[in-house]
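Participant: Before we start, here is the structure in question, set down as structure tokens.
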Amino acid sequence: MVINVGPQHPSTHGVLRLILTLDGEQILACEPVIGYLHRGLEKMMERRPYRHNIPFTDRLDYLAALSNNLAICQCIERLGGVEVPERAQYIRVLLMELQRIASHLVFLGTFGTDLGATTMFLYAFREREMVLDLLEECTGARLTYNWVRVGGVPDDLPEGFGQKVLDFVKLFRQRIEEYDMLLTRNRIFRSRTQGIGVIPKETALAYGCSGPVARASGIPYDIRKVAPYEVYNRVEFDVPVFEDGDVWARYLVRMEELRQSLRIIEQVLRDMPDGPVQTKLPKIFKPPAGIAYSRVESPRGELSFMMVSDGGANPVRVHIRAPSFVNLSVLPRLLEGAKVADLVAILGSIDVVLGEIDR
Amino acid sequence: MIEAITQFFTQHPLLWAFVKAVVLASFTLVIPLAVIYVERKIAGFIQSRLGPLHVGPQGTFQTAADALKLLLKEDIVPEGADKRFFYLAPYIAFVSTVLCFMVLPFAPGWVALEMNVAVLFIIGVSLFNVVSILMAGWSSNNKYSLLGGLRAVAQLLSYEIPMVLSVLAVVFYTGSLSLTGIIEYQVKHGWNIWHPPIMIAALIYFICALAEINRTPFDLPEAESELVSGFNTEYSGMRFAFFFASEFANNFFITAFAAALFFGGWDGPVLPPIVWTFLKVFVMIFVFMWLRWTPPRLRIDQILRFAWQLLVPVSLANLLFAIALGVR
Amino acid sequence: MNQAIENLLQRFGEAVHEWKLVSPNEVHLTVSASHWREVAQYLRDDPLWQMDYPADLTVWDTGNEFGVYLRLWCSVYNRNVIVLTSIPREEPRIASLATLYPGVDWHEREMYDMYGVIFEGHPNLKRILLPDDWEGFPFRKDYVAEPSGNPLHGPQPVN
């Protein structure tokens with residue numbers, strides 16, 4: 001039996017379509033069909049001056065828009081050799097980690113719903129709302145922030161922002177315990193996730209999986225440690241790595257990352273120096289000819305921009321290496337022999353965002 | 001006046017039967033409104049939100065408004081559907097629930113049809129529910145519905161067996177197949193739940209009841225995130241409302257049945273018997289809802305393994321235990 | 001690292017046009033398109049390199065030729081290698097790496113989709129983001145974006 005999952009389906013998290021060949025409840029083959037959200041962003045970027053492209057990146061991974069902003073700004077900075085003031089770097093790290101929490105909370109909520117634990121969704125979104133409120137206070141937007149600039153950030157943090165973040169950190173530590181009680185220690189939840197959708201280490205490497213997917217398969221690949229950017233080399237945090245490679249491990253990695261993000265936030269707020277937040281740049285920004293790439297650990301994995309410049313005002317080529325795009329390419333292999341009910345667990349645990357897959 | 005009415009209906013038994021049928025059918029339609037409202041409020045409480053608020057005081061009329069909306073909606077029949085079965089399925093589901101209510105005593109004498117094999121009747125009639133789900137799943141000409149229907153049949157049939165076995169334990173223990181008889185036994189000897197073999201039977205019954213009414217963690221046939229809506233994906237308007245209503249009425253019935261079997265039915269001090277019945281039912285419904293909004297859903301193979309490898313053997317052993325201890 | 005680069009230069013000689021050590025653990029190589037697959041295979045299999053992680057693959061259009069960019073990472077030594085090459089626009093053909101690195105499978109399909117680069121030996125080279133019946137390769141610099149060339153229509157049903 002051939003069955004079409006998507007493009008409209010409650011648990012494909014966007015407009016992903018999977019053509020499944022089924023034998024009863026067993027999945028024999030799976031063919032993902034993507035591109036429903038393709039807007040040709042990379043081509044659009046070629047027609048605009050470098051800095052005009054930042055708002056486009058909000059529409060890539062719309063659950064972690066700040067990571068995208070940072071990735072493109074870093075790429076332009078490397079291309080043009082722009083220095084970023086220290087305070088701006090700290091602010092960037094602070095916002096990135098808040099963004100990571102918001103994004104992982106969406107994962108937690110939707111993952112719970114996918115497995116039938118509807119209440120998790122509302123719990124996770126209750127806390128996500130707080131993070132979004134914080135980010136709104138700082139950036140003025142809730143989803144498409146457009147807040148990182150080439151050479152820094154547009155403005156300093158608002159008055160009393162640090163204290164509000166610390167209050168949130170304190171509250172959120174307790175809330176994570178609640179999540180643990182609701183999901184992590186639930187036997188049904190475990191039996192639905194353990195041993196399901198196993199990605200062996202070799203497969204994860206060969207397919208170029210990144211982010212929590214890679215770390216759940218035993219690859220300690222976290223750009224924040226492997227190639228530290230901004231001030232990640234000055235803060236202390238652990239990279240959770242699990243060996244099992246199953247849905248359960250991917251869930252645990254993300255839960256642990258929530259805690260680590262809180263640690264980073266506290267250190268950043270403690271160490272943040274005073275100073276300017278923006279480097280002066282010429283009105284018309286023309287980086288020298290060459291190729292540059294940037295790597296950012298977005299909540300979904302390695303987000304990389306690659307830009308080619310010919311010395312003009314517009315880039316010749318902008319390429320976006322979207323983590324979801326690469327992670328999703330493992331899916332057909334994972335689904336062979338799985339049950340229909342496992343499909344949602346596996347797809348949910350890879351945590352794809354169609355905005356950055358289709359670009 | 002009352003005597004005149006009584007006499008009138010005694011002379012016209014058919015008419016009396018008709019009145020009872022109408023009352024029961026409307027009861028089956030009205031009770032879901034209450035249950036759904038309670039469910040929404042409880043879900044809201046558990047998920048730290050408010051639930052319905054705006055239609056009527058505290059949102060009490062929200063469900064009625066929803067029912068009205070469903071009444072007015074277009075009745076869509078998918079192309080290629082097996083029309084006869086597609087039309088029939090929701091009514092079979094509904095009728096099977098009404099028939100169950102028919103033999104259920106709410107208070108002494110408050111029973112539409114006093115039947116000395118009421119328990120057997122209920123077991124038989126409630127199986128029609130499975131038929132209606134399979135019909136709906138098959139006739140919709142939708143692969144998701146079909147998968148939902150197949151899951152439902154596999155699940156409901158597997159859980160029917162331990163459920164019947166645990167009900168039989170009560171029957172053997174109390175020595176009666178009539179629900180009124182079982183309750184009267186409990187009024188005399190204390191509630192069944194306090195007797196060891198029945199305690200286990202009650203536990204098994206509770207688990208099976210969750211599966212029978214498709215509640216989390218056994219809500220596979222309509223698993224929203226997997227099968228969109230399972231067997232009722234293609235239904236709309238009033239036909240969908242009938243499925244929905246019969247599901248919640250079933251929810252009510254299965255707890256009322258449990259109250260009669262294990263918790264002494266209408267038995268209780270001070271309050272009138274009918275209040276006791278409803279009180280017991282709503283406490284159990286609350287537990288069901290609590291469960292619904294907490295754990296995730298199981299997988300089909302895990303559910304079947306649980307039924308066949310654990311529940312069936314345990315309930316069989318328990319049945320022997322009950323027979324050995326029960327009245328002769 | 002130096003030993004590894006020396007071995008690579010010895011093994012491929014003229015095929016490596018240019019190399020640059022950007023940082024202690026990052027090297028940029030420009031190779032000839034005819035040795036594309038051999039270089040990638042060498043980088044993956046040689047014990048001194050072990051570039052086992054395909055991070056990125058993309059193509060760009062300079063107007064005269066297509067540049068190809070491959071970024072690899074090594075999980076053992078934490079090293080990055082960027083391999084660059086160029087292929088003519090008239091006949092954009094290059095060996096596929098999809099059987100070496102399954103991870104570049106979708107990248108190669110995307111580049112075929114956008115630039116029409118034929119990756120020879122790719123197991124399933126068809127359009128990935130655009131509909132199967134799309135006319136032209138939109139990321140080429142000379143692509144004319146004319147709506148009438150590709151009228152809109154909904155997805156086609158399966159089976």
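Every chain in the structure tokens takes a letter, A first, then B, and so on in the order presented; its residues are numbered from 1, and the ligands are numbered from 1 following the presented order.
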Could I get the residues of chain A with an atom no further than 7 Å from an atom of chain C, each paired with its nearest atom pair and that distance in Å to one decimal, using only C-alpha atoms, sorted by chain and residue number, as a tab-separated table?
Facilitator:
```
residue	atom	partner	partner_atom	distance
A:Ile34	CA	C:Leu129	CA	5.8
A:Gly35	CA	C:Leu129	CA	3.9
A:His38	CA	C:Leu129	CA	6.6
A:Lys43	CA	C:Phe139	CA	6.1
A:Leu205	CA	C:Tyr53	CA	5.2
A:Ala206	CA	C:Tyr101	CA	5.4
A:Tyr207	CA	C:Gly103	CA	3.6
A:Gly208	CA	C:Gly103	CA	5.2
A:Val226	CA	C:Asn78	CA	7.0
A:Arg317	CA	C:Trp60	CA	6.0
A:Arg321	CA	C:Asp56	CA	6.4
A:Val326	CA	C:Gly103	CA	6.7
A:Ser329	CA	C:Trp106	CA	6.8
A:Asp358	CA	C:Leu129	CA	6.5
```
Participant: Near Asp222 of chain A, within 10 Å and counting only C-alpha atoms, which residues show up once chain neighbours fewer than 5 positions away are dropped, as a PyMOL selection string?
Facilitator: chain A and resi 210-212+214-215+227-228+239-241+296-298+301-302
Participant: Kindly export the residues of the current selection with N, CA, C and O atoms, as a PDB file, in the first residue's frame.
Facilitator:
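File written: selection05.pdb
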```pdb
ATOM      1  N   SER A 210      24.506  16.511  11.809  1.00  0.00           N
ATOM      2  CA  SER A 210      25.116  17.442  12.743  1.00  0.00           C
ATOM      3  C   SER A 210      24.135  17.755  13.855  1.00  0.00           C
ATOM      4  O   SER A 210      22.998  17.307  13.835  1.00  0.00           O
ATOM      5  N   GLY A 211      24.606  18.533  14.803  1.00  0.00           N
ATOM      6  CA  GLY A 211      23.736  18.936  15.892  1.00  0.00           C
ATOM      7  C   GLY A 211      23.371  17.779  16.802  1.00  0.00           C
ATOM      8  O   GLY A 211      24.094  16.796  16.902  1.00  0.00           O
ATOM      9  N   PRO A 212      22.223  17.867  17.460  1.00  0.00           N
ATOM     10  CA  PRO A 212      21.822  16.812  18.396  1.00  0.00           C
ATOM     11  C   PRO A 212      21.755  15.433  17.741  1.00  0.00           C
ATOM     12  O   PRO A 212      22.003  14.427  18.404  1.00  0.00           O
ATOM     13  N   ALA A 214      23.798  14.178  15.483  1.00  0.00           N
ATOM     14  CA  ALA A 214      25.143  13.605  15.484  1.00  0.00           C
ATOM     15  C   ALA A 214      25.586  13.278  16.905  1.00  0.00           C
ATOM     16  O   ALA A 214      26.155  12.226  17.158  1.00  0.00           O
ATOM     17  N   ARG A 215      25.290  14.183  17.832  1.00  0.00           N
ATOM     18  CA  ARG A 215      25.764  13.970  19.196  1.00  0.00           C
ATOM     19  C   ARG A 215      25.065  12.784  19.863  1.00  0.00           C
ATOM     20  O   ARG A 215      25.633  12.129  20.719  1.00  0.00           O
ATOM     21  N   ALA A 227      35.048  24.518  16.578  1.00  0.00           N
ATOM     22  CA  ALA A 227      35.590  25.741  15.994  1.00  0.00           C
ATOM     23  C   ALA A 227      34.919  26.913  16.686  1.00  0.00           C
ATOM     24  O   ALA A 227      33.994  27.506  16.136  1.00  0.00           O
ATOM     25  N   PRO A 228      35.358  27.244  17.907  1.00  0.00           N
ATOM     26  CA  PRO A 228      34.617  28.232  18.701  1.00  0.00           C
ATOM     27  C   PRO A 228      34.520  29.579  17.995  1.00  0.00           C
ATOM     28  O   PRO A 228      35.507  30.060  17.433  1.00  0.00           O
ATOM     29  N   VAL A 239      29.359  19.346  26.302  1.00  0.00           N
ATOM     30  CA  VAL A 239      28.610  18.920  25.127  1.00  0.00           C
ATOM     31  C   VAL A 239      28.088  17.516  25.411  1.00  0.00           C
ATOM     32  O   VAL A 239      28.871  16.578  25.535  1.00  0.00           O
ATOM     33  N   PRO A 240      26.777  17.370  25.586  1.00  0.00           N
ATOM     34  CA  PRO A 240      26.254  16.036  25.868  1.00  0.00           C
ATOM     35  C   PRO A 240      26.397  15.126  24.648  1.00  0.00           C
ATOM     36  O   PRO A 240      26.021  15.503  23.538  1.00  0.00           O
ATOM     37  N   VAL A 241      26.984  13.954  24.872  1.00  0.00           N
ATOM     38  CA  VAL A 241      27.138  12.989  23.785  1.00  0.00           C
ATOM     39  C   VAL A 241      26.616  11.646  24.261  1.00  0.00           C
ATOM     40  O   VAL A 241      26.945  11.197  25.357  1.00  0.00           O
ATOM     41  N   VAL A 296      27.996  27.913  12.288  1.00  0.00           N
ATOM     42  CA  VAL A 296      27.325  28.266  13.535  1.00  0.00           C
ATOM     43  C   VAL A 296      26.591  27.034  14.023  1.00  0.00           C
ATOM     44  O   VAL A 296      26.023  26.291  13.219  1.00  0.00           O
ATOM     45  N   GLU A 297      26.632  26.806  15.324  1.00  0.00           N
ATOM     46  CA  GLU A 297      25.874  25.694  15.875  1.00  0.00           C
ATOM     47  C   GLU A 297      24.453  26.178  16.127  1.00  0.00           C
ATOM     48  O   GLU A 297      24.146  26.733  17.171  1.00  0.00           O
ATOM     49  N   SER A 298      23.592  25.979  15.156  1.00  0.00           N
ATOM     50  CA  SER A 298      22.197  26.361  15.355  1.00  0.00           C
ATOM     51  C   SER A 298      21.536  25.247  16.167  1.00  0.00           C
ATOM     52  O   SER A 298      22.111  24.177  16.332  1.00  0.00           O
ATOM     53  N   GLY A 301      21.782  22.049  14.270  1.00  0.00           N
ATOM     54  CA  GLY A 301      23.057  21.480  13.862  1.00  0.00           C
ATOM     55  C   GLY A 301      23.945  22.522  13.214  1.00  0.00           C
ATOM     56  O   GLY A 301      23.832  23.711  13.505  1.00  0.00           O
ATOM     57  N   GLU A 302      24.829  22.039  12.327  1.00  0.00           N
ATOM     58  CA  GLU A 302      25.808  22.938  11.730  1.00  0.00           C
ATOM     59  C   GLU A 302      25.153  23.770  10.641  1.00  0.00           C
ATOM     60  O   GLU A 302      24.812  23.267   9.578  1.00  0.00           O
TER      61      GLU A 302
END
```
Participant: Just the residues within 8 Å of Phe86 of chain B, please, counting only C-alpha atoms, with nothing from its chain fewer than 2 positions along; format it as a list of chain:residue names.
Facilitator: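 Counting only C-alpha atoms, the residues come to B:Val77, B:Ala81, B:Asp82, B:Lys83, B:Arg84, B:Leu88, B:Ala89, B:Pro90, B:Met135, B:Ala136, B:Ser139, B:Ser140.
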Participant: Go ahead and write the residues just picked, N, CA and C atoms, as a short mmCIF file (atom, residue, chain, number, x, y, z; two decimals), in the first residue's frame.
Facilitator:
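Listing of out_3.cif after writing:
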```cif
data_model
loop_
_atom_site.label_atom_id
_atom_site.label_comp_id
_atom_site.auth_asym_id
_atom_site.auth_seq_id
_atom_site.Cartn_x
_atom_site.Cartn_y
_atom_site.Cartn_z
N VAL B 77 -19.49 13.39 1.57
CA VAL B 77 -19.21 11.97 1.37
C VAL B 77 -18.12 11.87 0.32
N ALA B 81 -16.38 6.39 -1.93
CA ALA B 81 -16.73 5.75 -0.66
C ALA B 81 -17.82 4.71 -0.91
N ASP B 82 -17.83 3.70 -0.06
CA ASP B 82 -18.91 2.71 -0.13
C ASP B 82 -20.09 3.31 0.62
N LYS B 83 -20.99 3.94 -0.14
CA LYS B 83 -21.96 4.86 0.46
C LYS B 83 -22.82 4.22 1.54
N ARG B 84 -23.34 3.02 1.27
CA ARG B 84 -24.25 2.41 2.24
C ARG B 84 -23.59 2.29 3.61
N LEU B 88 -24.15 4.23 7.23
CA LEU B 88 -24.66 3.40 8.32
C LEU B 88 -23.76 3.46 9.57
N ALA B 89 -22.44 3.54 9.34
CA ALA B 89 -21.49 3.34 10.44
C ALA B 89 -21.76 4.21 11.67
N PRO B 90 -21.93 5.53 11.52
CA PRO B 90 -22.13 6.33 12.73
C PRO B 90 -23.37 5.94 13.51
N MET B 135 -16.43 -0.58 9.73
CA MET B 135 -17.22 -0.11 8.58
C MET B 135 -16.79 1.28 8.15
N ALA B 136 -16.65 2.16 9.14
CA ALA B 136 -16.27 3.53 8.83
C ALA B 136 -14.89 3.56 8.19
N SER B 139 -15.13 1.86 4.57
CA SER B 139 -15.96 2.46 3.54
C SER B 139 -15.51 3.86 3.15
N SER B 140 -14.64 4.50 3.96
CA SER B 140 -14.25 5.88 3.65
C SER B 140 -13.40 5.97 2.40
#
```
Participant: Within 7 Å of chain B, which residues of chain A come that close, and what is the closest atom pair and distance in Å for each? Count only C-alpha atoms and give it as CSV.
Facilitator:
```
residue,atom,partner,partner_atom,distance
A:Ile3,CA,B:Lys143,CA,6.9
A:His9,CA,B:Val228,CA,6.7
A:Pro10,CA,B:Ser225,CA,5.4
A:Ser11,CA,B:Ser225,CA,5.3
A:Asp114,CA,B:Ser225,CA,5.2
A:Leu115,CA,B:Pro296,CA,5.3
A:Gly116,CA,B:Pro296,CA,4.4
A:Ala117,CA,B:Pro296,CA,4.1
A:Thr118,CA,B:Trp293,CA,6.3
A:Thr119,CA,B:Gln47,CA,5.6
A:Leu122,CA,B:Gln47,CA,6.2
A:Tyr123,CA,B:Gln47,CA,6.9
A:Ile188,CA,B:Leu298,CA,6.4
A:Phe189,CA,B:Pro296,CA,6.0
A:Arg192,CA,B:Leu298,CA,6.7
A:Ala341,CA,B:Glu226,CA,6.3
A:Val344,CA,B:Glu226,CA,6.5
```
Participant: Find the residues near segment 269-273 of chain A: any atom within 10 Å, counting only C-alpha atoms, skip ones fewer than 3 places away on the same chain, and give them as a PDB file with C-alpha atoms, in the first residue's frame.
Facilitator:
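See around.pdb below for the written result:
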```pdb
ATOM      1  CA  GLU A  86      33.749  42.288  22.622  1.00  0.00           C
ATOM      2  CA  ARG A  87      30.465  43.348  24.171  1.00  0.00           C
ATOM      3  CA  ALA A  88      28.637  42.620  20.935  1.00  0.00           C
ATOM      4  CA  GLN A  89      30.113  39.121  20.955  1.00  0.00           C
ATOM      5  CA  TYR A  90      28.793  38.512  24.448  1.00  0.00           C
ATOM      6  CA  ILE A  91      25.373  39.835  23.502  1.00  0.00           C
ATOM      7  CA  VAL A  93      26.148  34.494  22.591  1.00  0.00           C
ATOM      8  CA  LEU A  94      23.469  35.431  25.111  1.00  0.00           C
ATOM      9  CA  PHE A 161      17.493  42.893  30.832  1.00  0.00           C
ATOM     10  CA  GLY A 162      20.145  40.842  32.582  1.00  0.00           C
ATOM     11  CA  GLN A 163      18.121  40.554  35.774  1.00  0.00           C
ATOM     12  CA  VAL A 165      17.056  36.755  32.108  1.00  0.00           C
ATOM     13  CA  LEU A 166      18.468  35.557  35.420  1.00  0.00           C
ATOM     14  CA  ARG A 234      35.586  31.729  27.186  1.00  0.00           C
ATOM     15  CA  VAL A 235      32.540  30.070  28.704  1.00  0.00           C
ATOM     16  CA  ILE A 264      26.231  29.614  29.365  1.00  0.00           C
ATOM     17  CA  ILE A 265      23.691  32.387  29.867  1.00  0.00           C
ATOM     18  CA  GLU A 266      24.671  32.802  33.504  1.00  0.00           C
ATOM     19  CA  PRO A 276      30.548  49.644  22.025  1.00  0.00           C
TER      20      PRO A 276
END
```
Participant: Ala64 of chain B: which residues within 12 Å, counting only C-alpha atoms, same-chain residues fewer than 3 positions away excluded, as a list in words?
Facilitator: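 Selected residues are Leu29, Val30, Ile31, Pro32, Leu33, Ala34, Val35, Ile36, Tyr37, Pro52, Val55, Gly56, Gly59, Thr60, Phe61, Ala67, Leu68, Lys69, Leu70, Leu71, Ala241 and Ala245 of chain B.
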Participant: Mind listing the helix (DSSP H, G or I) residues of segment 9-154 of chain C, per DSSP on the backbone, as a ChimeraX atom specification?
Facilitator: /C:9-15,33-45,102-115,147-149
Participant: Write a file of the selected residues as a short mmCIF file (atom, residue, chain, number, x, y, z; two decimals), in the first residue's frame, keeping N, CA, C and O atoms.
Facilitator:
```cif
data_model
loop_
_atom_site.label_atom_id
_atom_site.label_comp_id
_atom_site.auth_asym_id
_atom_site.auth_seq_id
_atom_site.Cartn_x
_atom_site.Cartn_y
_atom_site.Cartn_z
N LEU C 9 50.38 15.96 -2.24
CA LEU C 9 50.98 16.59 -3.41
C LEU C 9 51.77 15.57 -4.22
O LEU C 9 51.76 15.57 -5.45
N GLN C 10 52.47 14.68 -3.50
CA GLN C 10 53.25 13.65 -4.18
C GLN C 10 52.35 12.72 -4.97
O GLN C 10 52.63 12.37 -6.11
N ARG C 11 51.23 12.37 -4.36
CA ARG C 11 50.32 11.40 -4.97
C ARG C 11 49.65 12.00 -6.21
O ARG C 11 49.49 11.32 -7.22
N PHE C 12 49.27 13.27 -6.15
CA PHE C 12 48.49 13.83 -7.25
C PHE C 12 49.27 14.79 -8.14
O PHE C 12 48.83 15.09 -9.24
N GLY C 13 50.43 15.28 -7.67
CA GLY C 13 51.29 16.09 -8.51
C GLY C 13 50.58 17.30 -9.11
O GLY C 13 50.04 18.15 -8.40
N GLU C 14 50.52 17.31 -10.44
CA GLU C 14 49.99 18.46 -11.14
C GLU C 14 48.49 18.66 -10.93
O GLU C 14 47.97 19.75 -11.13
N ALA C 15 47.80 17.60 -10.56
CA ALA C 15 46.34 17.70 -10.42
C ALA C 15 45.95 18.69 -9.34
O ALA C 15 44.88 19.27 -9.38
N ALA C 33 39.32 19.20 -12.24
CA ALA C 33 38.03 18.51 -12.17
C ALA C 33 38.16 17.03 -12.51
O ALA C 33 37.39 16.21 -12.01
N SER C 34 39.14 16.68 -13.31
CA SER C 34 39.26 15.27 -13.70
C SER C 34 39.68 14.39 -12.54
O SER C 34 39.46 13.19 -12.55
N HIS C 35 40.32 14.98 -11.54
CA HIS C 35 40.75 14.19 -10.38
C HIS C 35 39.84 14.37 -9.18
O HIS C 35 40.21 14.01 -8.06
N TRP C 36 38.68 14.96 -9.39
CA TRP C 36 37.75 15.31 -8.29
C TRP C 36 37.49 14.13 -7.37
O TRP C 36 37.71 14.18 -6.17
N ARG C 37 37.05 13.03 -7.96
CA ARG C 37 36.66 11.89 -7.15
C ARG C 37 37.88 11.22 -6.51
O ARG C 37 37.83 10.80 -5.35
N GLU C 38 38.98 11.17 -7.27
CA GLU C 38 40.17 10.50 -6.72
C GLU C 38 40.67 11.25 -5.49
O GLU C 38 41.03 10.65 -4.48
N VAL C 39 40.70 12.58 -5.60
CA VAL C 39 41.17 13.37 -4.45
C VAL C 39 40.27 13.15 -3.25
O VAL C 39 40.72 12.91 -2.12
N ALA C 40 38.94 13.17 -3.50
CA ALA C 40 38.01 12.99 -2.38
C ALA C 40 38.19 11.63 -1.75
O ALA C 40 38.20 11.49 -0.52
N GLN C 41 38.38 10.62 -2.61
CA GLN C 41 38.55 9.27 -2.07
C GLN C 41 39.84 9.16 -1.28
O GLN C 41 39.87 8.56 -0.20
N TYR C 42 40.89 9.80 -1.79
CA TYR C 42 42.17 9.77 -1.09
C TYR C 42 42.04 10.43 0.28
O TYR C 42 42.49 9.92 1.29
N LEU C 43 41.37 11.59 0.27
CA LEU C 43 41.20 12.32 1.54
C LEU C 43 40.41 11.50 2.54
O LEU C 43 40.65 11.55 3.74
N ARG C 44 39.45 10.72 2.04
CA ARG C 44 38.64 9.94 2.96
C ARG C 44 39.43 8.75 3.51
O ARG C 44 39.36 8.44 4.69
N ASP C 45 40.19 8.08 2.61
CA ASP C 45 40.76 6.78 2.98
C ASP C 45 42.17 6.87 3.56
O ASP C 45 42.59 5.98 4.28
N PRO C 102 27.55 9.43 1.42
CA PRO C 102 26.10 9.51 1.20
C PRO C 102 25.53 10.89 1.53
O PRO C 102 24.51 11.28 1.00
N GLY C 103 26.24 11.63 2.38
CA GLY C 103 25.74 12.93 2.80
C GLY C 103 25.68 13.96 1.69
O GLY C 103 24.92 14.92 1.79
N VAL C 104 26.49 13.80 0.62
CA VAL C 104 26.45 14.81 -0.43
C VAL C 104 25.41 14.46 -1.48
O VAL C 104 25.20 15.22 -2.42
N ASP C 105 24.74 13.33 -1.32
CA ASP C 105 23.71 12.90 -2.27
C ASP C 105 22.72 14.03 -2.55
O ASP C 105 22.55 14.46 -3.69
N TRP C 106 22.11 14.53 -1.49
CA TRP C 106 21.08 15.56 -1.68
C TRP C 106 21.69 16.89 -2.15
O TRP C 106 21.08 17.62 -2.92
N HIS C 107 22.92 17.19 -1.68
CA HIS C 107 23.57 18.41 -2.16
C HIS C 107 23.77 18.35 -3.66
O HIS C 107 23.54 19.32 -4.37
N GLU C 108 24.21 17.18 -4.16
CA GLU C 108 24.45 17.06 -5.59
C GLU C 108 23.15 17.16 -6.37
O GLU C 108 23.09 17.77 -7.44
N ARG C 109 22.10 16.55 -5.81
CA ARG C 109 20.80 16.66 -6.49
C ARG C 109 20.36 18.12 -6.55
O ARG C 109 19.83 18.57 -7.55
N GLU C 110 20.60 18.84 -5.45
CA GLU C 110 20.19 20.24 -5.44
C GLU C 110 20.97 21.03 -6.48
O GLU C 110 20.41 21.88 -7.19
N MET C 111 22.27 20.75 -6.60
CA MET C 111 23.08 21.50 -7.55
C MET C 111 22.71 21.15 -8.98
O MET C 111 22.73 22.00 -9.87
N TYR C 112 22.33 19.91 -9.19
CA TYR C 112 21.81 19.54 -10.52
C TYR C 112 20.53 20.31 -10.78
O TYR C 112 20.31 20.85 -11.88
N ASP C 113 19.71 20.41 -9.75
CA ASP C 113 18.42 21.08 -9.85
C ASP C 113 18.61 22.54 -10.23
O ASP C 113 17.92 23.09 -11.09
N MET C 114 19.57 23.20 -9.58
CA MET C 114 19.70 24.64 -9.73
C MET C 114 20.63 25.05 -10.86
O MET C 114 20.46 26.09 -11.47
N TYR C 115 21.69 24.25 -11.10
CA TYR C 115 22.69 24.66 -12.09
C TYR C 115 22.75 23.72 -13.28
O TYR C 115 23.42 24.01 -14.26
N PRO C 147 7.59 33.88 -15.87
CA PRO C 147 6.55 33.01 -15.31
C PRO C 147 5.91 32.12 -16.36
O PRO C 147 5.52 30.98 -16.07
N SER C 148 5.80 32.59 -17.61
CA SER C 148 5.13 31.77 -18.61
C SER C 148 5.95 30.53 -18.95
O SER C 148 5.42 29.54 -19.44
N GLY C 149 7.26 30.58 -18.66
CA GLY C 149 8.08 29.41 -18.97
C GLY C 149 7.77 28.22 -18.08
O GLY C 149 7.92 27.07 -18.48
#
```
Participant: Could you pull the residues within 6 Å of Val316 of chain A, counting only C-alpha atoms, minus those fewer than 6 positions along the same chain, as a PyMOL selection string?
Facilitator: chain A and resi 46+308-309
Participant: Output N, CA and C atoms of each residue in that selection to a file, as a PDB file, in the first residue's frame.
Facilitator:
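Dumped to result_24.pdb:
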```pdb
ATOM      1  N   GLU A  46      21.810  37.003  -4.294  1.00  0.00           N
ATOM      2  CA  GLU A  46      22.839  37.420  -5.249  1.00  0.00           C
ATOM      3  C   GLU A  46      22.523  38.784  -5.849  1.00  0.00           C
ATOM      4  N   VAL A 308      30.680  33.759  -2.126  1.00  0.00           N
ATOM      5  CA  VAL A 308      31.715  34.060  -3.097  1.00  0.00           C
ATOM      6  C   VAL A 308      31.581  35.524  -3.462  1.00  0.00           C
ATOM      7  N   SER A 309      32.683  36.236  -3.386  1.00  0.00           N
ATOM      8  CA  SER A 309      32.660  37.661  -3.699  1.00  0.00           C
ATOM      9  C   SER A 309      33.596  37.918  -4.878  1.00  0.00           C
TER      10      SER A 309
END
```
Participant: So that I can check the surroundings of Val150 of chain A, please list as an NGL selection string every protein, DNA and RNA residue that reaches within 12 Å of it, counting only C-alpha atoms and ignoring chain neighbours fewer than 4 positions away.
Facilitator: :A and (50-54 or 69-85 or 88-89 or 92 or 146 or 154 or 277-282 or 285 or 287)
